[in-house]
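Structure below is entry.txt: compact mmCIF, C-alpha atoms.
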```
# COMPACT_ATOMS: atom_id res chain seq x y z
CA MET A 1083 -15.19 -68.82 128.10
CA GLU A 1084 -15.54 -65.14 128.83
CA LYS A 1085 -12.57 -64.38 126.58
CA ASP A 1086 -14.29 -66.18 123.68
CA LYS A 1087 -17.50 -64.17 124.26
CA THR A 1088 -15.50 -60.95 124.23
CA LYS A 1089 -13.93 -61.90 120.91
CA ASN A 1090 -17.32 -62.65 119.36
CA ARG A 1091 -18.78 -59.31 120.47
CA LYS A 1092 -16.08 -57.33 118.63
CA PHE A 1093 -17.83 -57.99 115.24
CA PRO A 1094 -21.63 -57.89 115.53
CA LEU A 1095 -23.75 -59.77 113.03
CA TRP A 1096 -24.95 -56.65 111.18
CA ALA A 1097 -21.34 -55.53 110.72
CA LYS A 1098 -20.40 -58.87 109.21
CA ILE A 1099 -23.38 -58.69 106.82
CA LEU A 1100 -22.56 -55.09 105.91
CA VAL A 1101 -18.94 -55.96 105.17
CA ARG A 1102 -19.93 -58.97 103.07
CA VAL A 1103 -22.43 -56.89 101.05
CA LEU A 1104 -20.51 -53.61 100.86
CA ILE A 1105 -17.20 -55.04 99.63
CA PRO A 1106 -18.75 -56.80 96.58
CA VAL A 1107 -20.80 -53.66 95.76
CA ILE A 1108 -17.71 -51.42 95.89
CA CYS A 1109 -15.69 -53.90 93.83
CA GLY A 1110 -18.53 -54.21 91.32
CA ALA A 1111 -18.89 -50.43 91.03
CA ALA A 1112 -15.14 -50.08 90.51
CA LEU A 1113 -15.19 -52.73 87.78
CA VAL A 1114 -18.17 -51.12 86.02
CA THR A 1115 -16.57 -47.67 86.19
CA GLY A 1116 -13.30 -49.02 84.87
CA ALA A 1117 -15.10 -50.83 82.05
CA VAL A 1118 -17.07 -47.70 81.08
CA LEU A 1119 -13.97 -45.50 81.10
CA GLY A 1120 -12.02 -48.10 79.14
CA TRP A 1121 -14.83 -48.42 76.57
CA ARG A 1122 -15.02 -44.63 76.14
CA ARG A 1123 -11.30 -44.46 75.59
CA ILE A 1124 -11.44 -47.24 73.00
CA THR A 1125 -14.45 -45.87 71.11
CA ALA A 1126 -13.59 -42.15 71.39
CA VAL A 1127 -13.37 -40.41 68.02
CA LYS A 1128 -10.05 -38.66 67.66
CA THR A 1129 -9.82 -35.76 65.24
CA GLU A 1130 -6.45 -34.67 64.00
CA LYS A 1131 -6.05 -31.51 61.97
CA LYS A 1132 -2.94 -30.49 60.11
CA VAL A 1133 -2.18 -27.50 57.96
CA ALA A 1134 0.66 -27.65 55.50
CA LEU A 1135 1.71 -25.01 53.02
CA VAL A 1136 2.08 -27.01 49.83
CA GLU A 1137 2.94 -24.24 47.44
CA ALA A 1138 3.15 -20.47 47.43
CA LYS A 1139 3.66 -18.34 44.35
CA LEU A 1140 3.66 -14.65 43.65
CA LEU A 1141 1.94 -14.21 40.31
CA GLN A 1142 1.94 -11.04 38.27
CA CYS A 1143 -1.56 -9.75 37.76
CA ALA A 1144 -2.76 -7.37 35.05
CA GLU A 1145 -6.47 -7.45 35.87
CA LEU A 1146 -8.47 -4.28 35.52
CA THR A 1147 -11.45 -4.47 37.84
CA THR A 1148 -14.02 -1.88 36.87
CA HIS A 1149 -17.00 -3.00 38.95
CA LYS A 1150 -17.50 -4.66 42.32
CA TYR A 1151 -20.95 -5.78 43.34
CA GLN A 1152 -21.56 -6.77 46.97
CA TYR A 1153 -24.65 -8.82 47.73
CA SER A 1154 -26.29 -10.73 50.57
CA ASP A 1155 -28.87 -13.48 50.40
CA ILE A 1156 -30.81 -15.70 52.79
CA ILE A 1157 -31.53 -19.32 51.96
CA SER A 1158 -33.62 -21.81 53.88
CA ILE A 1159 -33.61 -25.59 53.70
CA LYS A 1160 -36.61 -27.49 55.06
CA LYS A 1161 -37.07 -31.26 55.23
CA HIS A 1162 -39.90 -33.17 56.88
CA ASN A 1163 -41.80 -36.43 56.98
CA MET A 1164 -44.59 -37.88 59.10
CA ILE A 1165 -42.55 -38.06 62.31
CA ALA A 1166 -39.91 -35.34 62.19
CA LYS A 1167 -38.76 -32.17 60.50
CA SER A 1168 -35.55 -30.21 60.11
CA TYR A 1169 -34.80 -26.73 58.86
CA SER A 1170 -31.82 -24.44 58.51
CA ILE A 1171 -31.76 -20.72 57.64
CA ILE A 1172 -28.43 -19.35 56.39
CA ARG A 1173 -27.39 -15.82 55.49
CA TYR A 1174 -24.36 -15.34 53.27
CA SER A 1175 -22.58 -12.45 51.58
CA GLY A 1176 -20.50 -12.33 48.44
CA VAL A 1177 -18.62 -10.04 46.07
CA ILE A 1178 -18.74 -10.19 42.28
CA ARG A 1179 -15.84 -8.54 40.42
CA ILE A 1180 -16.20 -7.53 36.77
CA GLY A 1181 -13.45 -6.27 34.52
CA ILE A 1182 -10.75 -7.10 31.99
CA PRO A 1183 -8.79 -10.28 32.86
CA ASN A 1184 -5.54 -9.05 31.30
CA ILE A 1185 -5.13 -5.40 30.37
CA GLU A 1186 -1.94 -6.32 28.50
CA ASP A 1187 -4.20 -7.72 25.76
CA MET A 1188 -5.18 -4.14 24.93
CA LYS A 1189 -3.95 -3.08 21.49
CA VAL A 1190 -3.02 0.54 20.85
CA SER A 1191 -2.21 2.35 17.59
CA PHE A 1192 -1.50 6.03 17.07
CA GLY A 1193 -2.52 8.56 14.44
CA LYS A 1194 -0.18 10.73 12.40
CA SER A 1195 2.83 12.19 14.14
CA THR A 1196 1.13 15.59 14.28
CA ASP A 1197 -2.19 14.16 15.46
CA ASN A 1198 -3.09 13.69 19.09
CA THR A 1199 -5.28 10.70 18.28
CA VAL A 1200 -4.95 7.20 19.71
CA PHE A 1201 -6.91 4.09 18.66
CA VAL A 1202 -7.57 1.53 21.37
CA ASP A 1203 -8.78 -2.06 20.91
CA LEU A 1204 -9.95 -2.89 24.40
CA PRO A 1205 -10.81 -6.50 25.43
CA LYS A 1206 -14.37 -7.14 26.59
CA CYS A 1207 -15.06 -7.25 30.29
CA GLU A 1208 -16.10 -10.45 32.01
CA ILE A 1209 -16.75 -11.89 35.45
CA LEU A 1210 -13.40 -12.00 37.25
CA GLY A 1211 -14.63 -13.58 40.44
CA ASN A 1212 -17.70 -14.38 42.51
CA ASP A 1213 -16.51 -15.08 46.04
CA ILE A 1214 -18.40 -15.84 49.24
CA THR A 1215 -17.10 -13.54 51.98
CA GLU A 1216 -19.30 -14.49 54.94
CA GLU A 1217 -21.69 -17.22 56.08
CA GLU A 1218 -23.94 -17.22 59.13
CA ILE A 1219 -26.59 -19.64 60.39
CA PHE A 1220 -29.57 -17.61 61.58
CA ASP A 1221 -31.69 -20.42 62.91
CA GLU A 1222 -31.87 -24.16 62.67
CA SER A 1223 -33.64 -27.14 64.12
CA LEU A 1224 -32.20 -30.50 63.16
CA SER A 1225 -33.64 -33.95 63.66
CA VAL A 1226 -31.54 -37.09 63.75
CA PHE A 1227 -34.18 -38.73 61.56
CA ILE A 1228 -33.93 -36.09 58.81
CA PRO A 1229 -30.45 -34.53 58.92
CA ILE A 1230 -29.43 -31.53 56.83
CA THR A 1231 -25.86 -32.13 55.77
CA THR A 1232 -23.11 -29.58 55.26
CA SER A 1233 -22.87 -30.58 51.61
CA GLU A 1234 -26.56 -29.73 51.13
CA ILE A 1235 -25.98 -26.28 52.62
CA PHE A 1236 -22.94 -25.66 50.41
CA GLN A 1237 -24.88 -26.83 47.35
CA GLU A 1238 -27.72 -24.39 48.04
CA ILE A 1239 -25.27 -21.51 48.57
CA GLU A 1240 -23.52 -22.40 45.31
CA THR A 1241 -26.83 -22.46 43.40
CA SER A 1242 -27.86 -19.10 44.87
CA ARG A 1243 -24.41 -17.61 44.14
CA LEU A 1244 -24.57 -18.55 40.45
CA LEU A 1245 -28.18 -17.36 40.21
CA MET A 1246 -27.17 -13.94 41.53
CA GLN A 1247 -24.36 -13.79 38.96
CA ASP A 1248 -26.76 -14.66 36.11
CA LYS A 1249 -29.20 -11.96 37.24
CA LEU A 1250 -26.47 -9.32 37.16
CA VAL A 1251 -25.37 -10.35 33.68
CA GLU A 1252 -29.00 -10.17 32.46
CA ARG A 1253 -29.29 -6.66 33.93
CA GLY A 1254 -26.32 -5.53 31.83
CA ILE A 1255 -23.51 -5.40 34.38
CA ILE A 1256 -20.99 -6.47 31.69
CA ASP A 1257 -21.97 -3.57 29.41
CA GLU A 1258 -21.66 -1.15 32.34
CA ALA A 1259 -18.19 -2.53 33.09
CA ASP A 1260 -17.17 -2.08 29.43
CA GLU A 1261 -18.16 1.59 29.54
CA ARG A 1262 -16.36 2.05 32.84
CA ALA A 1263 -13.20 0.47 31.37
CA LYS A 1264 -13.32 2.86 28.42
CA THR A 1265 -13.67 5.82 30.78
CA LEU A 1266 -10.64 4.69 32.79
CA VAL A 1267 -8.46 4.06 29.72
CA ARG A 1268 -9.56 7.33 28.09
CA GLY A 1269 -8.53 9.22 31.21
CA ILE A 1270 -5.09 7.56 31.21
CA PHE A 1271 -4.36 8.51 27.58
CA GLN A 1272 -5.76 12.01 27.94
CA SER A 1273 -3.51 12.63 30.93
CA ALA A 1274 -0.61 11.56 28.66
CA GLY A 1275 -1.54 14.29 26.16
CA PHE A 1276 -3.78 12.45 23.69
CA GLU A 1277 -6.89 14.55 23.25
CA ASP A 1278 -8.74 12.19 20.92
CA VAL A 1279 -9.11 8.60 22.22
CA ARG A 1280 -11.07 6.30 19.96
CA PHE A 1281 -12.17 2.75 20.72
CA LYS A 1282 -12.45 0.11 18.01
```

The structure given in the file should be rewritten as C-alpha cells.
Amino acid sequence: MEKDKTKNRKFPLWAKILVRVLIPVICGAALVTGAVLGWRRITAVKTEKKVALVEAKLLQCAELTTHKYQYSDIISIKKHNMIAKSYSIIRYSGVIRIGIPNIEDMKVSFGKSTDNTVFVDLPKCEILGNDITEEEIFDESLSVFIPITTSEIFQEIETSRLLMQDKLVERGIIDEADERAKTLVRGIFQSAGFEDVRFK
C-alpha cells in the first residue's frame, strides 16, 4: 500500500492539470503560428525586376544646339472630401534645348571667285528637347481613402513641363536661338576667310 501512495505522490494534482492545459495551449500556439507563417508565404507579393538591353545604336547627330534653358518648378496636388485629405508637393527640374535639328540642311552658295562673300540659307531653330532631369518629393500626406497615384503626379509634371515650354516660345526664345545660330555660323565662315556672310 505504501508503494502505491509513493507512486501517486510523484505527480500532484496541480501538475497533472498544468500538463493537460499547457500541452494543448502550446500545440495550439504552434498551429496558429504555422498557419500565419504559411498564409503570409502564400499571400506575399513577389516583385521581380529584370533589365534587358533590347537594342543599342550609335547614331550620327548633326544638331546645332544654340540655347539651353534650365528651369525648376514646384507643383502641388491636393485632394479631400468630408472624411480625409491627401496632398503631395513635388519639385522638379528640367532642361530645354533649342537649335537646328540638322545643320546639314544648311545651304551655302558663294559669290564671284574674286569676292569674299558667302550666302547662307540657314534652317529655322526649334525645340530639340525638353527633358526632366530631377524629381523630388518635398512633402506629402496620403490617405488610403483618397490616394494620389503616381500617374497623377507624372501627368501634372508633364502639364507643367509643356506649359514652361510654351511660355519660353511666347517670350521669343526661338528668335533668340535663330540669331545665336547666325552668329555661330558667321564666325565659322569668317574664320575660313569669308569677310561678308549673308543670310537668306

*Tell me which of A:Ser1168, A:Thr1115, A:Gln1152, A:Ser1273 sits closest to Ile1228 in chain A, counting only C-alpha atoms.*
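Going through A:Ser1168, A:Thr1115, A:Gln1152, A:Ser1273 one by one, the smallest distance to Ile1228 in chain A is for A:Ser1168.
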
*Long-range neighbours of range 1160-1162 of chain A as a PyMOL selection string, 10 Å cut-off, all atoms listed in the file, 4 positions minimum in chain*: chain A and resi 1166-1171+1222-1225+1227-1230

_Closest of A:Ile1108, A:Ile1180, A:Val1200, A:Leu1245 to Ala1274 in chain A - atom-to-atom distances counting all atoms listed in the file_ =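 Residue with the minimum atom-to-atom distance to Ala1274 in chain A: A:Val1200.
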
*Would you work out the distance separating CA of Thr1241 in chain A from CA of Ile1256 in chain A, expressed in Å to one decimal?*
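Straight-line distance from CA of Thr1241 in chain A to CA of Ile1256 in chain A works out to 20.7 Å.
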
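Taking CA of Tyr1153 in chain A and CA of Gly1176 in chain A as endpoints, the distance between them is 5.5 Å.
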
*Rounded to one decimal place, report the CA of Ile1185 in chain A-CA of Glu1208 in chain A distance in Å.*
12.2 Å

*Find, counting all atoms listed in the file, the residue in A:Glu1218, A:Asp1197, A:Asp1260, A:Glu1234 that gets nearest to Thr1147 in chain A.*
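For Thr1147 in chain A, the nearest of the candidates is A:Asp1260.
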
*Pick from A:Gln1247, A:Ser1242, A:Thr1265, A:Thr1199, whichever lies nearest to Asp1278 in chain A using all atoms listed in the file*: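 Counting all atoms listed in the file, the residue closest to Asp1278 in chain A is A:Thr1199.
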
Can you pull out the residues contacting Leu1250 in chain A? Cut-off 12 Å, using all atoms listed in the file, and skip same-chain residues under 5 positions away; I want them as a short mmCIF file (atom, residue, chain, number, x, y, z; two decimals) with C-alpha atoms, in the coordinates of the input.
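Wrote out02.cif, looks like this:
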```cif
data_model
loop_
_atom_site.label_atom_id
_atom_site.label_comp_id
_atom_site.auth_asym_id
_atom_site.auth_seq_id
_atom_site.Cartn_x
_atom_site.Cartn_y
_atom_site.Cartn_z
CA HIS A 1149 -17.00 -3.00 38.95
CA LYS A 1150 -17.50 -4.66 42.32
CA TYR A 1151 -20.95 -5.78 43.34
CA GLN A 1152 -21.56 -6.77 46.97
CA TYR A 1153 -24.65 -8.82 47.73
CA VAL A 1177 -18.62 -10.04 46.07
CA ILE A 1178 -18.74 -10.19 42.28
CA ARG A 1179 -15.84 -8.54 40.42
CA ILE A 1180 -16.20 -7.53 36.77
CA GLU A 1208 -16.10 -10.45 32.01
CA ILE A 1209 -16.75 -11.89 35.45
CA ASN A 1212 -17.70 -14.38 42.51
CA ARG A 1243 -24.41 -17.61 44.14
CA LEU A 1244 -24.57 -18.55 40.45
CA LEU A 1245 -28.18 -17.36 40.21
CA ILE A 1255 -23.51 -5.40 34.38
CA ILE A 1256 -20.99 -6.47 31.69
CA ASP A 1257 -21.97 -3.57 29.41
CA GLU A 1258 -21.66 -1.15 32.34
CA ALA A 1259 -18.19 -2.53 33.09
#
```

*Taking into account all atoms listed in the file, which residue in the set A:Ala1111, A:Ile1270, A:Ile1156, A:Val1251 is nearest to Val1202 in chain A?*
A:Ile1270

*Shortest interatomic distance to Val1267 in chain A - which of A:Ile1159, A:Leu1146, A:Ile1239, A:Ile1165, counting all atoms listed in the file*: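 Residue with the minimum atom-to-atom distance to Val1267 in chain A: A:Leu1146.
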
Assuming 5 Å of padding per side, give the centre and edge lengths of the axis-aligned box around every listed atom of range 1175-1194 of chain A, in Å to one decimal and as JSON.
```
{"center_x": -11.4, "center_y": -0.9, "center_z": 32.0, "size_x": 32.4, "size_y": 33.2, "size_z": 49.2}
```
